[in-house]
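> Following this line is target-v8.cif, made up of mmCIF, C-alpha atoms:
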```cif
data_target
loop_
_atom_site.group_PDB
_atom_site.id
_atom_site.type_symbol
_atom_site.label_atom_id
_atom_site.label_comp_id
_atom_site.auth_asym_id
_atom_site.auth_seq_id
_atom_site.Cartn_x
_atom_site.Cartn_y
_atom_site.Cartn_z
ATOM 1 C CA MET H 1 143.852 177.068 65.085
ATOM 2 C CA ILE H 2 147.166 175.224 65.133
ATOM 3 C CA PHE H 3 146.062 172.988 62.261
ATOM 4 C CA LEU H 4 144.920 175.956 60.179
ATOM 5 C CA THR H 5 148.241 177.739 60.744
ATOM 6 C CA LEU H 6 150.178 174.587 59.824
ATOM 7 C CA GLU H 7 148.082 174.140 56.689
ATOM 8 C CA HIS H 8 148.715 177.750 55.713
ATOM 9 C CA ILE H 9 152.486 177.346 56.199
ATOM 10 C CA LEU H 10 152.673 174.083 54.236
ATOM 11 C CA THR H 11 150.639 175.571 51.391
ATOM 12 C CA HIS H 12 152.989 178.525 50.956
ATOM 13 C CA ILE H 13 156.150 176.430 51.350
ATOM 14 C CA SER H 14 155.061 173.923 48.695
ATOM 15 C CA PHE H 15 154.005 176.659 46.278
ATOM 16 C CA SER H 16 157.238 178.618 46.798
ATOM 17 C CA VAL H 17 159.411 175.527 46.316
ATOM 18 C CA VAL H 18 157.652 174.426 43.124
ATOM 19 C CA SER H 19 158.002 177.998 41.796
ATOM 20 C CA ILE H 20 161.762 177.780 42.314
ATOM 21 C CA VAL H 21 161.783 174.356 40.629
ATOM 22 C CA ILE H 22 160.149 175.835 37.520
ATOM 23 C CA ILE H 23 162.783 178.593 37.363
ATOM 24 C CA ILE H 24 165.522 175.960 37.639
ATOM 25 C CA HIS H 25 163.940 174.006 34.790
ATOM 26 C CA PHE H 26 163.977 177.058 32.545
ATOM 27 C CA ILE H 27 167.682 177.534 33.289
ATOM 28 C CA THR H 28 168.530 173.873 32.635
ATOM 29 C CA LEU H 29 166.590 173.946 29.356
ATOM 30 C CA LEU H 30 168.678 176.894 28.179
ATOM 31 C CA VAL H 31 171.974 175.614 29.573
ATOM 32 C CA ASN H 32 172.078 171.822 29.727
ATOM 33 C CA GLU H 33 175.457 171.606 31.469
ATOM 34 C CA PHE H 34 174.309 172.467 34.990
ATOM 35 C CA ALA H 35 173.814 169.010 36.489
ATOM 36 C CA GLY H 36 173.764 170.461 39.997
ATOM 37 C CA LEU H 37 170.701 172.556 39.184
ATOM 38 C CA TYR H 38 168.922 169.453 37.877
ATOM 39 C CA ASP H 39 169.567 167.637 41.157
ATOM 40 C CA SER H 40 168.268 170.656 43.059
ATOM 41 C CA SER H 41 165.031 170.647 41.071
ATOM 42 C CA GLU H 42 164.475 166.977 41.906
ATOM 43 C CA LYS H 43 165.013 167.632 45.593
ATOM 44 C CA GLY H 44 162.644 170.578 45.335
ATOM 45 C CA MET H 45 159.880 168.363 43.957
ATOM 46 C CA LEU H 46 160.461 165.931 46.823
ATOM 47 C CA ILE H 47 160.038 168.784 49.288
ATOM 48 C CA THR H 48 156.854 169.796 47.475
ATOM 49 C CA PHE H 49 155.537 166.237 47.743
ATOM 50 C CA PHE H 50 156.160 166.049 51.495
ATOM 51 C CA CYS H 51 154.600 169.487 52.062
ATOM 52 C CA LEU H 52 151.472 168.553 50.099
ATOM 53 C CA THR H 53 151.315 165.228 51.947
ATOM 54 C CA GLY H 54 151.528 167.043 55.274
ATOM 55 C CA LEU H 55 148.882 169.513 54.120
ATOM 56 C CA LEU H 56 146.443 166.730 53.217
ATOM 57 C CA ILE H 57 147.105 164.828 56.453
ATOM 58 C CA THR H 58 146.635 167.996 58.515
ATOM 59 C CA ARG H 59 143.351 168.779 56.789
ATOM 60 C CA TRP H 60 142.252 165.143 57.205
ATOM 61 C CA ILE H 61 142.897 165.272 60.961
ATOM 62 C CA TYR H 62 140.881 168.393 61.754
ATOM 63 C CA SER H 63 138.101 167.787 59.191
ATOM 64 C CA ARG H 64 137.843 164.072 60.081
ATOM 65 C CA HIS H 65 137.307 162.992 56.491
ATOM 66 C CA LEU H 66 139.542 162.466 53.473
ATOM 67 C CA PRO H 67 140.135 165.961 52.010
ATOM 68 C CA ILE H 68 138.599 165.378 48.572
ATOM 69 C CA SER H 69 135.041 166.544 49.251
ATOM 70 C CA ASP H 70 135.091 169.875 47.369
ATOM 71 C CA LEU H 71 136.890 171.599 44.509
ATOM 72 C CA TYR H 72 139.634 173.156 46.626
ATOM 73 C CA GLU H 73 140.528 169.859 48.273
ATOM 74 C CA SER H 74 140.390 167.945 44.995
ATOM 75 C CA LEU H 75 142.755 170.467 43.384
ATOM 76 C CA ILE H 76 145.251 170.038 46.221
ATOM 77 C CA PHE H 77 144.877 166.265 45.858
ATOM 78 C CA LEU H 78 145.444 166.670 42.106
ATOM 79 C CA SER H 79 148.660 168.622 42.782
ATOM 80 C CA TRP H 80 149.738 165.872 45.167
ATOM 81 C CA GLY H 81 149.086 163.327 42.410
ATOM 82 C CA PHE H 82 151.328 165.260 40.013
ATOM 83 C CA SER H 83 154.124 165.257 42.606
ATOM 84 C CA ILE H 84 153.806 161.474 43.047
ATOM 85 C CA ILE H 85 154.082 160.897 39.296
ATOM 86 C CA ASN H 86 157.221 163.048 39.274
ATOM 87 C CA MET H 87 158.905 160.745 41.796
ATOM 88 C CA VAL H 88 158.542 157.498 39.774
ATOM 89 C CA PRO H 89 161.601 157.903 37.494
ATOM 90 C CA TYR H 90 163.523 159.520 40.378
ATOM 91 C CA PHE H 91 163.468 156.300 42.398
ATOM 92 C CA LYS H 92 164.263 154.235 39.288
ATOM 93 C CA LYS H 93 167.433 156.296 38.806
ATOM 94 C CA HIS H 94 166.325 157.437 35.330
ATOM 95 C CA LYS H 95 166.743 160.967 34.020
ATOM 96 C CA ASN H 96 163.475 162.595 34.999
ATOM 97 C CA TYR H 97 161.872 164.192 31.960
ATOM 98 C CA LEU H 98 158.510 164.162 33.746
ATOM 99 C CA SER H 99 159.392 167.034 36.052
ATOM 100 C CA THR H 100 159.226 169.403 33.073
ATOM 101 C CA ILE H 101 155.514 168.529 32.926
ATOM 102 C CA THR H 102 154.654 167.789 36.553
ATOM 103 C CA ALA H 103 156.291 170.885 38.087
ATOM 104 C CA PRO H 104 154.280 173.443 36.052
ATOM 105 C CA SER H 105 151.147 171.302 36.482
ATOM 106 C CA THR H 106 151.594 171.334 40.251
ATOM 107 C CA PHE H 107 152.317 175.073 40.171
ATOM 108 C CA PHE H 108 149.217 176.076 38.193
ATOM 109 C CA THR H 109 146.876 173.634 39.933
ATOM 110 C CA GLN H 110 147.896 174.659 43.428
ATOM 111 C CA GLY H 111 148.060 178.320 42.438
ATOM 112 C CA PHE H 112 144.492 178.227 41.136
ATOM 113 C CA ALA H 113 143.286 176.391 44.240
ATOM 114 C CA THR H 114 144.997 178.857 46.600
ATOM 115 C CA TRP H 115 144.461 182.201 44.876
ATOM 116 C CA GLY H 116 141.844 181.555 42.174
ATOM 117 C CA LEU H 117 139.027 180.471 44.478
ATOM 118 C CA LEU H 118 137.181 182.420 47.123
ATOM 119 C CA SER H 119 138.788 182.115 50.553
ATOM 120 C CA ASP H 120 135.500 180.762 51.935
ATOM 121 C CA MET H 121 135.989 177.666 49.786
ATOM 122 C CA HIS H 122 139.238 176.898 51.620
ATOM 123 C CA GLN H 123 137.341 176.204 54.817
ATOM 124 C CA SER H 124 136.528 172.594 55.567
ATOM 125 C CA GLU H 125 132.837 171.969 56.116
ATOM 126 C CA ILE H 126 130.634 169.090 57.204
ATOM 127 C CA LEU H 127 130.057 166.651 54.373
ATOM 128 C CA VAL H 128 126.780 166.955 52.529
ATOM 129 C CA PRO H 129 124.541 163.864 52.898
ATOM 130 C CA ALA H 130 125.452 162.635 49.404
ATOM 131 C CA LEU H 131 129.115 162.385 50.423
ATOM 132 C CA GLN H 132 128.623 160.743 53.809
ATOM 133 C CA SER H 133 129.551 157.299 52.566
ATOM 134 C CA GLN H 134 132.465 154.891 52.733
ATOM 135 C CA TRP H 135 132.539 155.005 48.932
ATOM 136 C CA LEU H 136 133.860 158.584 49.062
ATOM 137 C CA ILE H 137 137.472 157.502 49.515
ATOM 138 C CA MET H 138 137.295 154.788 46.848
ATOM 139 C CA HIS H 139 135.431 156.705 44.165
ATOM 140 C CA VAL H 140 136.771 160.257 44.424
ATOM 141 C CA SER H 141 140.391 159.304 45.133
ATOM 142 C CA MET H 142 140.427 156.983 42.093
ATOM 143 C CA MET H 143 138.838 159.610 39.856
ATOM 144 C CA VAL H 144 141.175 162.449 40.887
ATOM 145 C CA SER H 145 144.228 160.148 40.719
ATOM 146 C CA GLY H 146 143.077 159.100 37.261
ATOM 147 C CA TYR H 147 142.722 162.745 36.229
ATOM 148 C CA ALA H 148 146.266 163.479 37.437
ATOM 149 C CA ALA H 149 147.812 160.571 35.539
ATOM 150 C CA LEU H 150 145.782 161.158 32.367
ATOM 151 C CA LEU H 151 146.552 164.892 32.352
ATOM 152 C CA CYS H 152 150.263 164.237 32.818
ATOM 153 C CA GLY H 153 150.338 161.545 30.134
ATOM 154 C CA SER H 154 148.355 163.730 27.736
ATOM 155 C CA LEU H 155 150.780 166.623 28.212
ATOM 156 C CA LEU H 156 153.652 164.251 27.401
ATOM 157 C CA SER H 157 151.814 163.328 24.192
ATOM 158 C CA VAL H 158 151.386 167.025 23.362
ATOM 159 C CA ALA H 159 155.132 167.533 23.867
ATOM 160 C CA PHE H 160 155.773 164.504 21.646
ATOM 161 C CA LEU H 161 153.641 166.035 18.879
ATOM 162 C CA VAL H 162 155.368 169.416 19.135
ATOM 163 C CA ILE H 163 158.861 167.929 18.827
ATOM 164 C CA THR H 164 157.793 165.608 16.007
ATOM 165 C CA PHE H 165 156.225 168.477 14.047
ATOM 166 C CA ARG H 166 159.386 170.518 14.472
ATOM 167 C CA LYS H 167 161.411 167.683 12.967
ATOM 168 C CA VAL H 168 159.064 167.440 9.979
ATOM 169 C CA ILE H 169 159.226 171.205 9.374
ATOM 170 C CA LYS H 170 163.022 171.180 9.612
ATOM 171 C CA ILE H 171 163.346 168.295 7.170
ATOM 172 C CA VAL H 172 160.915 169.855 4.675
ATOM 173 C CA SER H 173 162.748 173.199 4.801
ATOM 174 C CA LYS H 174 166.025 171.452 4.061
ATOM 175 C CA SER H 175 164.500 169.507 1.174
ATOM 176 C CA LYS H 176 163.455 172.739 -0.568
ATOM 177 C CA ASN H 177 167.112 173.740 -0.890
ATOM 178 C CA LEU H 178 168.353 170.280 -1.804
ATOM 179 C CA LEU H 179 165.787 168.823 -4.180
ATOM 180 C CA ASN H 180 168.239 166.319 -5.597
ATOM 181 C CA ASP H 181 169.317 165.013 -2.225
ATOM 182 C CA SER H 182 167.720 161.562 -2.135
ATOM 183 C CA PHE H 183 168.767 161.080 1.478
ATOM 184 C CA LEU H 184 166.527 163.904 2.634
ATOM 185 C CA PHE H 185 163.597 162.667 0.563
ATOM 186 C CA GLY H 186 164.053 159.213 1.989
ATOM 187 C CA GLU H 187 164.166 160.707 5.452
ATOM 188 C CA ILE H 188 160.869 162.548 4.911
ATOM 189 C CA HIS H 189 159.221 159.411 3.575
ATOM 190 C CA GLN H 190 160.421 157.363 6.511
ATOM 191 C CA HIS H 191 159.112 159.966 8.964
ATOM 192 C CA MET H 192 155.636 159.880 7.490
ATOM 193 C CA ALA H 193 155.713 156.066 7.469
ATOM 194 C CA ALA H 194 156.965 155.536 11.019
ATOM 195 C CA ARG H 195 158.448 157.785 13.661
ATOM 196 C CA SER H 196 160.966 155.254 14.850
ATOM 197 C CA THR H 197 162.481 154.946 11.356
ATOM 198 C CA ILE H 198 163.095 158.665 11.005
ATOM 199 C CA VAL H 199 164.890 158.756 14.313
ATOM 200 C CA ARG H 200 167.218 155.998 13.139
ATOM 201 C CA ASN H 201 167.929 157.780 9.844
ATOM 202 C CA ILE H 202 168.801 161.137 11.417
ATOM 203 C CA PRO H 203 172.570 161.205 11.962
ATOM 204 C CA PHE H 204 173.720 162.121 15.448
ATOM 205 C CA ARG H 205 176.090 164.868 14.336
ATOM 206 C CA SER H 206 175.940 166.527 17.697
ATOM 207 C CA SER H 207 174.934 165.823 21.251
ATOM 208 C CA ARG H 208 171.806 167.914 20.643
ATOM 209 C CA ASN H 209 170.492 165.407 18.080
ATOM 210 C CA TYR H 210 171.096 162.549 20.472
ATOM 211 C CA TYR H 211 169.355 164.481 23.263
ATOM 212 C CA LYS H 212 166.294 165.001 21.037
ATOM 213 C CA PHE H 213 166.285 161.304 20.166
ATOM 214 C CA GLN H 214 166.345 160.365 23.839
ATOM 215 C CA LEU H 215 163.667 162.933 24.641
ATOM 216 C CA ILE H 216 161.272 161.596 21.973
ATOM 217 C CA GLN H 217 161.775 158.026 23.145
ATOM 218 C CA GLN H 218 161.211 158.937 26.792
ATOM 219 C CA LEU H 219 158.116 161.046 26.040
ATOM 220 C CA ASP H 220 156.532 158.131 24.208
ATOM 221 C CA HIS H 221 157.644 155.607 26.839
ATOM 222 C CA TRP H 222 156.470 157.465 29.935
ATOM 223 C CA GLY H 223 153.394 158.916 28.240
ATOM 224 C CA SER H 224 151.935 155.517 27.372
ATOM 225 C CA ARG H 225 152.698 154.038 30.794
ATOM 226 C CA ILE H 226 151.290 156.951 32.786
ATOM 227 C CA LEU H 227 148.171 156.945 30.637
ATOM 228 C CA SER H 228 147.809 153.209 31.321
ATOM 229 C CA ILE H 229 147.838 153.841 35.065
ATOM 230 C CA GLY H 230 145.413 156.741 34.699
ATOM 231 C CA PHE H 231 143.043 154.650 32.583
ATOM 232 C CA ILE H 232 142.968 151.933 35.254
ATOM 233 C CA PHE H 233 142.248 154.509 37.971
ATOM 234 C CA LEU H 234 139.507 156.090 35.850
ATOM 235 C CA THR H 235 137.895 152.700 35.194
ATOM 236 C CA VAL H 236 137.910 151.779 38.885
ATOM 237 C CA GLY H 237 136.569 155.238 39.750
ATOM 238 C CA ILE H 238 133.668 154.962 37.303
ATOM 239 C CA LEU H 239 132.746 151.445 38.460
ATOM 240 C CA SER H 240 132.892 152.363 42.155
ATOM 241 C CA GLY H 241 130.880 155.497 41.396
ATOM 242 C CA ALA H 242 128.209 153.370 39.714
ATOM 243 C CA VAL H 243 127.923 151.169 42.803
ATOM 244 C CA TRP H 244 127.764 154.246 45.046
ATOM 245 C CA ALA H 245 125.112 155.825 42.805
ATOM 246 C CA ASN H 246 122.973 152.701 43.084
ATOM 247 C CA GLU H 247 123.122 152.908 46.878
ATOM 248 C CA ALA H 248 122.492 156.667 47.034
ATOM 249 C CA TRP H 249 120.094 157.288 44.130
ATOM 250 C CA GLY H 250 118.735 153.827 43.281
ATOM 251 C CA ALA H 251 120.334 153.531 39.831
ATOM 252 C CA TYR H 252 123.798 152.595 38.605
ATOM 253 C CA TRP H 253 123.762 155.210 35.846
ATOM 254 C CA ASN H 254 121.691 158.409 35.587
ATOM 255 C CA TRP H 255 123.335 160.157 32.597
ATOM 256 C CA ASP H 256 124.254 163.028 34.881
ATOM 257 C CA PRO H 257 126.544 165.569 33.099
ATOM 258 C CA LYS H 258 129.513 164.433 35.206
ATOM 259 C CA GLU H 259 128.810 160.782 34.468
ATOM 260 C CA THR H 260 128.367 161.477 30.771
ATOM 261 C CA TRP H 261 131.649 163.331 30.419
ATOM 262 C CA ALA H 262 133.441 160.689 32.492
ATOM 263 C CA PHE H 263 132.190 158.112 29.987
ATOM 264 C CA VAL H 264 133.351 160.308 27.078
ATOM 265 C CA THR H 265 136.773 160.599 28.724
ATOM 266 C CA TRP H 266 136.967 156.830 29.198
ATOM 267 C CA THR H 267 136.002 156.284 25.538
ATOM 268 C CA ILE H 268 138.663 158.692 24.240
ATOM 269 C CA PHE H 269 141.446 156.918 26.098
ATOM 270 C CA ALA H 270 140.062 153.497 25.137
ATOM 271 C CA ILE H 271 140.529 154.674 21.531
ATOM 272 C CA TYR H 272 144.059 155.773 22.453
ATOM 273 C CA PHE H 273 144.982 152.278 23.632
ATOM 274 C CA HIS H 274 143.381 150.769 20.545
ATOM 275 C CA THR H 275 145.638 152.888 18.344
ATOM 276 C CA ARG H 276 148.638 151.789 20.439
ATOM 277 C CA THR H 277 147.883 148.101 19.918
ATOM 278 C CA ASN H 278 147.033 148.420 16.206
ATOM 279 C CA GLU H 279 150.193 147.825 14.174
ATOM 280 C CA ASN H 280 148.748 149.713 11.198
ATOM 281 C CA LEU H 281 148.519 152.930 13.211
ATOM 282 C CA GLU H 282 151.497 155.030 14.292
ATOM 283 C CA ASP H 283 152.435 156.430 17.688
ATOM 284 C CA PHE H 284 151.815 159.831 16.113
ATOM 285 C CA ASN H 285 148.095 159.024 15.761
ATOM 286 C CA SER H 286 147.754 157.858 19.362
ATOM 287 C CA ALA H 287 149.464 161.055 20.549
ATOM 288 C CA ILE H 288 146.805 163.094 18.712
ATOM 289 C CA VAL H 289 144.050 161.134 20.475
ATOM 290 C CA ALA H 290 145.718 161.682 23.858
ATOM 291 C CA SER H 291 145.989 165.414 23.134
ATOM 292 C CA ILE H 292 142.247 165.548 22.482
ATOM 293 C CA GLY H 293 141.753 163.646 25.727
ATOM 294 C CA PHE H 294 143.577 166.433 27.582
ATOM 295 C CA LEU H 295 140.788 168.874 26.707
ATOM 296 C CA ILE H 296 138.058 166.324 27.457
ATOM 297 C CA ILE H 297 139.431 165.725 30.967
ATOM 298 C CA TRP H 298 139.228 169.415 31.843
ATOM 299 C CA ILE H 299 135.651 169.568 30.533
ATOM 300 C CA CYS H 300 134.800 166.570 32.717
ATOM 301 C CA TYR H 301 136.592 167.971 35.748
ATOM 302 C CA PHE H 302 135.442 171.612 35.566
ATOM 303 C CA GLY H 303 132.410 171.538 33.257
ATOM 304 C CA VAL H 304 129.841 170.474 35.837
ATOM 305 C CA ASN H 305 131.406 172.776 38.439
ATOM 306 C CA LEU H 306 130.995 175.756 36.128
ATOM 307 C CA LEU H 307 127.406 174.880 35.207
ATOM 308 C CA GLY H 308 126.384 173.991 38.762
ATOM 309 C CA ILE H 309 123.753 171.499 37.571
ATOM 310 C CA GLY H 310 123.183 167.795 37.937
ATOM 311 C CA LEU H 311 123.655 165.308 40.756
ATOM 312 C CA HIS H 312 127.267 166.435 41.229
ATOM 313 C CA SER H 313 126.401 170.139 41.547
ATOM 314 C CA TYR H 314 127.681 170.280 45.148
ATOM 315 C CA GLY H 315 131.131 170.770 43.647
ATOM 316 C CA SER H 316 130.277 174.070 41.941
ATOM 317 C CA PHE H 317 132.467 177.074 42.682
ATOM 318 C CA THR H 318 132.867 180.824 42.343
ATOM 319 C CA LEU H 319 135.986 182.568 41.088
ATOM 320 C CA ILE H 320 137.533 185.571 42.797
ATOM 321 C CA SER H 321 136.300 188.816 41.201
ATOM 322 C CA ASN H 322 137.438 192.360 41.661
#
```
Mind turning the file's structure into structure tokens?

Amino acid sequence: MIFLTLEHILTHISFSVVSIVIIIHFITLLVNEFAGLYDSSEKGMLITFFCLTGLLITRWIYSRHLPISDLYESLIFLSWGFSIINMVPYFKKHKNYLSTITAPSTFFTQGFATWGLLSDMHQSEILVPALQSQWLIMHVSMMVSGYAALLCGSLLSVAFLVITFRKVIKIVSKSKNLLNDSFLFGEIHQHMAARSTIVRNIPFRSSRNYYKFQLIQQLDHWGSRILSIGFIFLTVGILSGAVWANEAWGAYWNWDPKETWAFVTWTIFAIYFHTRTNENLEDFNSAIVASIGFLIIWICYFGVNLLGIGLHSYGSFTLISN
């Protein structure tokens, strides 16, 4: 009873704090001068991380297994993964652009887990026979950690695309009024040729232009690195899952819906890294691939749970209905 009460308290504290962090982010986006609010949002995400860590440890103690055995626990673990990613630039003393992505991700993921699922699914139960293995920690933790990193990196790529498209639209609209302005035409050409060139050609007439330049650079920088970590986790998760499947079902690969979509996800992000290493392809193209990967991850993560079929059907769930 004590553990359940503690879990309930930690859940509501973490969700309340991350809600406040999101409000602070909206204020700082509108008014960039409030440095104190930015520091408060970072401290809020740290509090969220410690609350989610305490929640997972508490659930681990009274359930006596790593809390990643069902959808509710995996969603909490996913939220915890988002909060870890948020802390990386914080400890490196860089301006943390990731919190704009990780805070809402933590909010919606934990909110869905807490209020979007039936309350019966919040109760910890005895592991089904298929999950009573030492491979549970290795396989599921790597997969969910990979999902967290890939989702975060994909959202950074989506933000990169949005800002880049806005620059193209702005430049084209200016060129319509100044057809004889060769500088603008050159700027458009450079943007379509390479993103880095257009950023160099745009004059920093105000601090806002410089802020956008920094933002684009950081989105590309952190997006590629977080996706690299997520891809490694996903690869390890798939390989460990294959070994576990051979022990449990007698075959390394069964083309189960979950396995199939995990392979599709792995292929999409393998294409992403190919576009990153190919000098003939732009960062813009790789960002499009990562954006597609964002949708594929959710199909892989929730698709089998919605269908309730296949060897992974023990993770199916029911939404709250009126």
> Return the single residue from H:Ile27, H:Val144, H:Ile61, H:Cys51 that is closest to Leu4 in chain H, with distances computed using all atoms listed in the file.
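The answer is H:Ile61, which sits nearest to Leu4 in chain H.
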> Which residues would end up in the selection if the PyMOL selection byres ((chain H and resi 15) around 8) were applied here, given that I need the answer as a compact mmCIF listing (two decimals) with C-alpha atoms, in the frame of the given file?

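Below is the file that was written, result-v7.txt:
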```txt
# COMPACT_ATOMS: atom_id res chain seq x y z
CA THR H 11 150.64 175.57 51.39
CA HIS H 12 152.99 178.52 50.96
CA ILE H 13 156.15 176.43 51.35
CA SER H 14 155.06 173.92 48.70
CA SER H 16 157.24 178.62 46.80
CA VAL H 17 159.41 175.53 46.32
CA VAL H 18 157.65 174.43 43.12
CA SER H 19 158.00 178.00 41.80
CA THR H 48 156.85 169.80 47.48
CA PHE H 107 152.32 175.07 40.17
CA GLN H 110 147.90 174.66 43.43
CA GLY H 111 148.06 178.32 42.44
```
> One number please: CA of Phe269 in chain H to CA of Val289 in chain H, in Å, one decimal.
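Taking CA of Phe269 in chain H and CA of Val289 in chain H, their separation equals 7.5 Å.
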> Name the residues that the PyMOL selection byres ((chain H and resi 272) around 8) picks from the file above, as a short mmCIF file (atom, residue, chain, number, x, y, z; two decimals) with C-alpha atoms, keeping the file's coordinate frame, using the file's chain letters and numbers.

```cif
data_model
loop_
_atom_site.label_atom_id
_atom_site.label_comp_id
_atom_site.auth_asym_id
_atom_site.auth_seq_id
_atom_site.Cartn_x
_atom_site.Cartn_y
_atom_site.Cartn_z
CA ILE H 268 138.66 158.69 24.24
CA PHE H 269 141.45 156.92 26.10
CA ALA H 270 140.06 153.50 25.14
CA ILE H 271 140.53 154.67 21.53
CA PHE H 273 144.98 152.28 23.63
CA HIS H 274 143.38 150.77 20.54
CA THR H 275 145.64 152.89 18.34
CA ARG H 276 148.64 151.79 20.44
CA SER H 286 147.75 157.86 19.36
CA ALA H 287 149.46 161.06 20.55
CA VAL H 289 144.05 161.13 20.48
CA ALA H 290 145.72 161.68 23.86
#
```
> Grab the CA of Asn285 in chain H to CA of Leu161 in chain H distance for me, in Å with one decimal place.
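Taking CA of Asn285 in chain H as the start and CA of Leu161 in chain H as the end point, the length is 9.5 Å.
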> Could you tell me which of H:Trp80, H:Phe284, H:Tyr62, H:Phe263 comes closest to Gln123 in chain H if we count all atoms listed in the file?
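For Gln123 in chain H, the nearest of the candidates is H:Tyr62.
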> Where does the PyMOL selection byres ((chain H and resi 259) around 12) land in this file, that is, which residues does it pick, as a VMD selection string?
chain H and resid 143 234 237 to 239 241 to 242 245 252 to 258 260 to 266 299 to 301 303 to 304 310 to 313
> Taking into account all atoms listed in the file, which residue in the set H:Leu6, H:Ala113, H:Val243, H:Leu219 is nearest to Val162 in chain H?
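Looking only at the distances to Val162 in chain H, the closest residue turns out to be H:Leu219.
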> Of the candidates H:Ile20, H:Leu150, H:Leu56, H:Leu131, which one gets nearest to Ser69 in chain H if we count only C-alpha atoms?
H:Leu131
> At a cut-off of 12 Å from (132.4, 161.5, 49.4) in the coordinates of the file, what residues are picked up using all atoms listed in the file, written as an NGL selection string?
:H and (65-70 or 73-74 or 126-143 or 240-241 or 244-245 or 248 or 312 or 314-315)
> Work out how far apart CA of Met87 in chain H and CA of Ile101 in chain H are and give it in Å to one decimal.
12.3 Å
